[in-house]
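A quick write-up on the structure given underneath.
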Amino acid sequence: MSIEINNVTKRYADYTALDNISLSVETGELIALLGPSGCGKTTLLRIIAGLETADAGNVILEERDTTNLPAREKNVGFVFQHYALFRRLNVFENVAFGLRVRPSASRPSKSEIRDRVGHLLQLVQMEWALNRYPSQLSGGQRQRVALARALAVNPKVLLLDEPFSALDAKVRQELRRWLRKLHDDIHVTSIFVTHDQEEALELADRIVVINKGRIEQQGPPQEVYDHPANAFVYNFIGNVNVFRGRIRNGKVVVGEHPIDARHTIDGHEDKEGHAFIRPHEIGISRIRSGPGDLVGIIRDIRLMGGQIGLELETPLFDKPIEAEIPRETWRNLQLSKDEEVFITLDKVKVFTGDYSI
Ligand code: ATP
């Protein structure tokens, strides 16, 4: 089922939680709504679900205006942050619940319910836990049962509100890979709310970055990561070094040091700006590669999986520069703490004007 959100605004007293949001979701897409705490993600999800009403705008589900329909008439499945399983019902009964409470005319037979629940529990790899109660399951297992329960009523749309946020990092990572595979199998149109950029980048077909009730950017994860539309998105998605400077003669001048950023300054001259560069975009060498190179001292070396993180002190900035280089480069350069290196920043991207998170 496709979803069209048109000019949705929601205010709480004089606070605007959603400010004229429009968004289209195609049938079968998995979308991540990503943004800092309080930016309006949950409010938008609740409006789509029919758990909250919009002050303006409308929500079209498969060409039908559902703006004022209550949740029970929308055929959406919902999985919340905290495992909302019924404590007194076992796993089977939890998943069967939505089918059993249907009016008798549309309620499946007992054997149909048993088959459907069995199939769903297989899908979420929980068939072995049929008779267990929620208190006898781990957090990750409970969320998988919650997902099976949401899918039981065959929803046209699945809405997930930070479903893994109460779980530890390792389980979260496993579950999001598992959810991605599950989505590839069942293709239900899904919107996933998260404030975790890694989760959004890994899981979604498209990410929608929200800030202060507005959409800042949307697109495939790689595109948003590689080409952030503005300073907010750059800062919010991925690690980044930020330098304040002034744009002059096609360069960004930080202190008195001109950084050559010719590919990314779009005709802004003599303006204040912020230069952004991701740690892995920083070049590190033992010999000067160009006049724009900075000299820095390695103050810290950190092992980060396949990469090596370097903390570099330069006379130009009061904050250290964070760089990441492949382990092999680190080995070839034979770098150690307190050594001097040349730092290349020519991949900086510059945005003029103020920016704030
Ligand atoms: P988080 O990641 O922390 O869950 P969020 O992006 O999901 O945040 P929302 O829950 O959508 O944020 O809230 C958006 C804003 O609206 C917040 O500033 C919140 O305080 C406010 N808000 C939400 N619900 C209400 C309410 N019922 N009454 C008043 N203000 C509310």
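By order in the structure tokens, chains are A, B, ...; within a chain, residues start at 1; ligands start at 1, following the order shown.
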
(request) Using only C-alpha atoms and all ligand atoms, find each residue with an atom at most 10 Å away from ligand 1 and format the answer as number ranges by chain. (result) A: 10-18, 33-47, 52, 81, 161-162, 193-196, 210-213

(message) Please extract the residues of region 98-302 of chain A with a backbone DSSP assignment of helix (DSSP H, G or I) and present them as a PyMOL selection string.
(response) chain A and resi 98-100+110-123+127-129+134-136+139-152+169-186+197-203+221-226+231-236+279-281

(request) Compare A:Ile308, A:Ala84, A:Ala152, A:Val79 by their minimum atom-to-atom distance to Val117 (chain A), counting only C-alpha atoms, and give me the closest one. (result)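 Among A:Ile308, A:Ala84, A:Ala152, A:Val79, it is A:Ala152 that comes nearest to Val117 (chain A).
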
(message) Just checking: using only C-alpha atoms, which residue out of A:Ser24, A:Asn58, A:Ser104, A:Asn249 ends up closest to Gln218 (chain A)?
(response)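 Of A:Ser24, A:Asn58, A:Ser104, A:Asn249, the one nearest Gln218 (chain A) is A:Ser24, counting only C-alpha atoms.
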
(request) Pick out the residues sitting within 8 Å of Gly140 (chain A), and hand them over as a PyMOL selection string; count only C-alpha atoms, and ignore anything fewer than 6 positions along from it in its own chain. (result) chain A and resi 164+167+171-172+175

(request) Taking the chain letters and numbering used in this document, name the residues of region 67-208 of chain A that DSSP puts in strand (DSSP E or B), as a PyMOL selection string. (result) chain A and resi 76-79+157-161+189-194+206-208

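Interatomic distance, CA of Gly305 (chain A) to CA of Ser289 (chain A): 27.5 Å.
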
Give me the residues near Tyr133 (chain A) as a PDB file with C-alpha atoms, in the first residue's frame, where near means some atom within 9 Å (using only C-alpha atoms) and where sequence neighbours in that chain fewer than 6 positions away do not count.
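The resulting selection.pdb:
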```
ATOM      1  CA  PHE A  86       0.355  -9.020  26.897  1.00  0.00           C
ATOM      2  CA  ARG A  87       2.089 -10.364  29.988  1.00  0.00           C
ATOM      3  CA  ARG A  88      -0.591 -12.894  30.861  1.00  0.00           C
ATOM      4  CA  LEU A  89      -0.805 -14.396  27.378  1.00  0.00           C
ATOM      5  CA  ASN A  90       1.731 -16.833  26.000  1.00  0.00           C
ATOM      6  CA  VAL A  91       3.493 -16.276  22.682  1.00  0.00           C
TER       7      VAL A  91
END
```

(request) Fewer than 2 positions away in the same chain doesn't count, so skip those; otherwise give me all residues within 6 Å of Leu30 (chain A), counting only C-alpha atoms, as a PyMOL selection string. (result) chain A and resi 190-191+204-205

(request) Name the closest residue to Ser285 (chain A) among the candidates A:Phe342, A:Phe232, A:Phe192, A:Tyr225; distances are taken between atoms, counting only C-alpha atoms. (result)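 That would be A:Phe342, the residue with the smallest distance to Ser285 (chain A).
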
(request) Write out as a list in words the residues lying within 9 Å of Asn75 (chain A), counting only C-alpha atoms and excluding same-chain residues fewer than 6 positions away. (result)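 Here the qualifying residues turn out to be Ala49, Val153, Asn154, Pro155, Lys156 and Val157 of chain A.
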
Hey, can you spit out that residue selection with N, CA and C atoms as a compact mmCIF listing (two decimals), in the first residue's frame?
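As a result, out-v6.txt now contains:
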```txt
# COMPACT_ATOMS: atom_id res chain seq x y z
N ALA A 49 -0.79 6.37 11.66
CA ALA A 49 -1.51 5.22 12.24
C ALA A 49 -2.94 5.56 12.62
N VAL A 153 -2.49 -9.62 11.51
CA VAL A 153 -3.74 -9.14 10.92
C VAL A 153 -3.55 -8.73 9.46
N ASN A 154 -2.39 -9.13 8.90
CA ASN A 154 -2.11 -8.83 7.50
C ASN A 154 -2.16 -7.34 7.20
N PRO A 155 -1.40 -6.53 7.92
CA PRO A 155 -1.51 -5.09 7.73
C PRO A 155 -0.97 -4.68 6.36
N LYS A 156 -1.54 -3.59 5.85
CA LYS A 156 -1.05 -3.08 4.56
C LYS A 156 0.19 -2.23 4.80
N VAL A 157 0.29 -1.70 6.03
CA VAL A 157 1.41 -0.83 6.38
C VAL A 157 1.92 -1.25 7.75
```

(request) Calculate how many Å separate CA of Asn6 (chain A) from CA of Val59 (chain A), rounding to one decimal. (result)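 We find that CA of Asn6 (chain A) and CA of Val59 (chain A) lie 6.4 Å from each other.
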
Find the nearest atom pair between each residue of region 189-268 of chain A and region 310-334 of chain A for residues within 10 Å, count only C-alpha atoms, give distances in Å to one decimal, sort rows by chain and ascending number, and present the table as JSON lines.
```
{"residue": "A:Asn239", "atom": "CA", "partner": "A:Glu322", "partner_atom": "CA", "distance": 8.9}
{"residue": "A:Val240", "atom": "CA", "partner": "A:Glu322", "partner_atom": "CA", "distance": 8.0}
{"residue": "A:Asn241", "atom": "CA", "partner": "A:Ile321", "partner_atom": "CA", "distance": 6.5}
{"residue": "A:Val242", "atom": "CA", "partner": "A:Ile321", "partner_atom": "CA", "distance": 8.9}
{"residue": "A:Phe243", "atom": "CA", "partner": "A:Phe317", "partner_atom": "CA", "distance": 7.9}
{"residue": "A:Arg244", "atom": "CA", "partner": "A:Phe317", "partner_atom": "CA", "distance": 9.4}
{"residue": "A:Val254", "atom": "CA", "partner": "A:Leu316", "partner_atom": "CA", "distance": 7.5}
{"residue": "A:Gly255", "atom": "CA", "partner": "A:Leu316", "partner_atom": "CA", "distance": 6.5}
{"residue": "A:Glu256", "atom": "CA", "partner": "A:Leu316", "partner_atom": "CA", "distance": 8.4}
{"residue": "A:His257", "atom": "CA", "partner": "A:Leu316", "partner_atom": "CA", "distance": 7.8}
```

Could those residues be written to a file, using N, CA and C atoms, as a PDB file, in the first residue's frame?
```
ATOM      1  N   ASN A 239      30.120  10.631  11.463  1.00  0.00           N
ATOM      2  CA  ASN A 239      31.045  11.465  12.225  1.00  0.00           C
ATOM      3  C   ASN A 239      31.614  12.536  11.312  1.00  0.00           C
ATOM      4  N   VAL A 240      31.882  13.676  11.894  1.00  0.00           N
ATOM      5  CA  VAL A 240      32.368  14.774  11.052  1.00  0.00           C
ATOM      6  C   VAL A 240      33.229  15.741  11.866  1.00  0.00           C
ATOM      7  N   ASN A 241      34.223  16.327  11.202  1.00  0.00           N
ATOM      8  CA  ASN A 241      34.986  17.437  11.794  1.00  0.00           C
ATOM      9  C   ASN A 241      34.395  18.724  11.229  1.00  0.00           C
ATOM     10  N   VAL A 242      34.205  19.705  12.065  1.00  0.00           N
ATOM     11  CA  VAL A 242      33.640  20.981  11.600  1.00  0.00           C
ATOM     12  C   VAL A 242      34.625  22.102  11.934  1.00  0.00           C
ATOM     13  N   PHE A 243      34.936  22.919  10.927  1.00  0.00           N
ATOM     14  CA  PHE A 243      35.806  24.082  11.152  1.00  0.00           C
ATOM     15  C   PHE A 243      35.058  25.335  10.727  1.00  0.00           C
ATOM     16  N   ARG A 244      35.216  26.359  11.514  1.00  0.00           N
ATOM     17  CA  ARG A 244      34.612  27.643  11.155  1.00  0.00           C
ATOM     18  C   ARG A 244      35.605  28.407  10.306  1.00  0.00           C
ATOM     19  N   VAL A 254      40.698  29.157   7.263  1.00  0.00           N
ATOM     20  CA  VAL A 254      40.489  28.891   8.690  1.00  0.00           C
ATOM     21  C   VAL A 254      41.678  29.511   9.412  1.00  0.00           C
ATOM     22  N   GLY A 255      41.426  30.461  10.284  1.00  0.00           N
ATOM     23  CA  GLY A 255      42.536  31.243  10.849  1.00  0.00           C
ATOM     24  C   GLY A 255      43.177  31.980   9.680  1.00  0.00           C
ATOM     25  N   GLU A 256      44.445  31.739   9.437  1.00  0.00           N
ATOM     26  CA  GLU A 256      45.080  32.321   8.257  1.00  0.00           C
ATOM     27  C   GLU A 256      45.365  31.254   7.209  1.00  0.00           C
ATOM     28  N   HIS A 257      44.865  30.062   7.473  1.00  0.00           N
ATOM     29  CA  HIS A 257      45.236  28.945   6.604  1.00  0.00           C
ATOM     30  C   HIS A 257      44.182  28.698   5.533  1.00  0.00           C
TER      31      HIS A 257
END
```

(request) Within 10 Å of region 111-115 of chain A, counting only C-alpha atoms, which residues show up once you throw out same-chain ones fewer than 3 positions away? Write them as a list of chain:residue names, please. (result) A:Phe92, A:Glu93, A:Val95, A:Ala96, A:Phe97, A:Leu99, A:Arg100, A:Arg107, A:Pro108, A:Gly118, A:His119, A:Leu120, A:Leu121, A:Ala152

(message) One decimal, in Å: what's the spacing between CA of Asp338 (chain A) and CA of Ile259 (chain A)?
(response)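 Value for the CA of Asp338 (chain A)-CA of Ile259 (chain A) distance: 23.9 Å.
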
(request) Kindly indicate which residue among A:Arg142, A:Arg214, A:Arg149, A:Arg116 lies nearest to Thr9 (chain A), using only C-alpha atoms for the distances. (result)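 The answer is A:Arg214, which sits nearest to Thr9 (chain A).
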
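Nearest to Ala148 (chain A) of all the residues A:Val124, A:Ala32, A:Ile301, A:Ala166 is A:Val124, counting only C-alpha atoms.
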
(request) Considering only C-alpha atoms, state which residue in the set A:Glu174, A:Ile31, A:Gln125, A:Val253 is at the smallest distance from Ile207 (chain A). (result)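 Of all the options, A:Ile31 lies closest to Ile207 (chain A).
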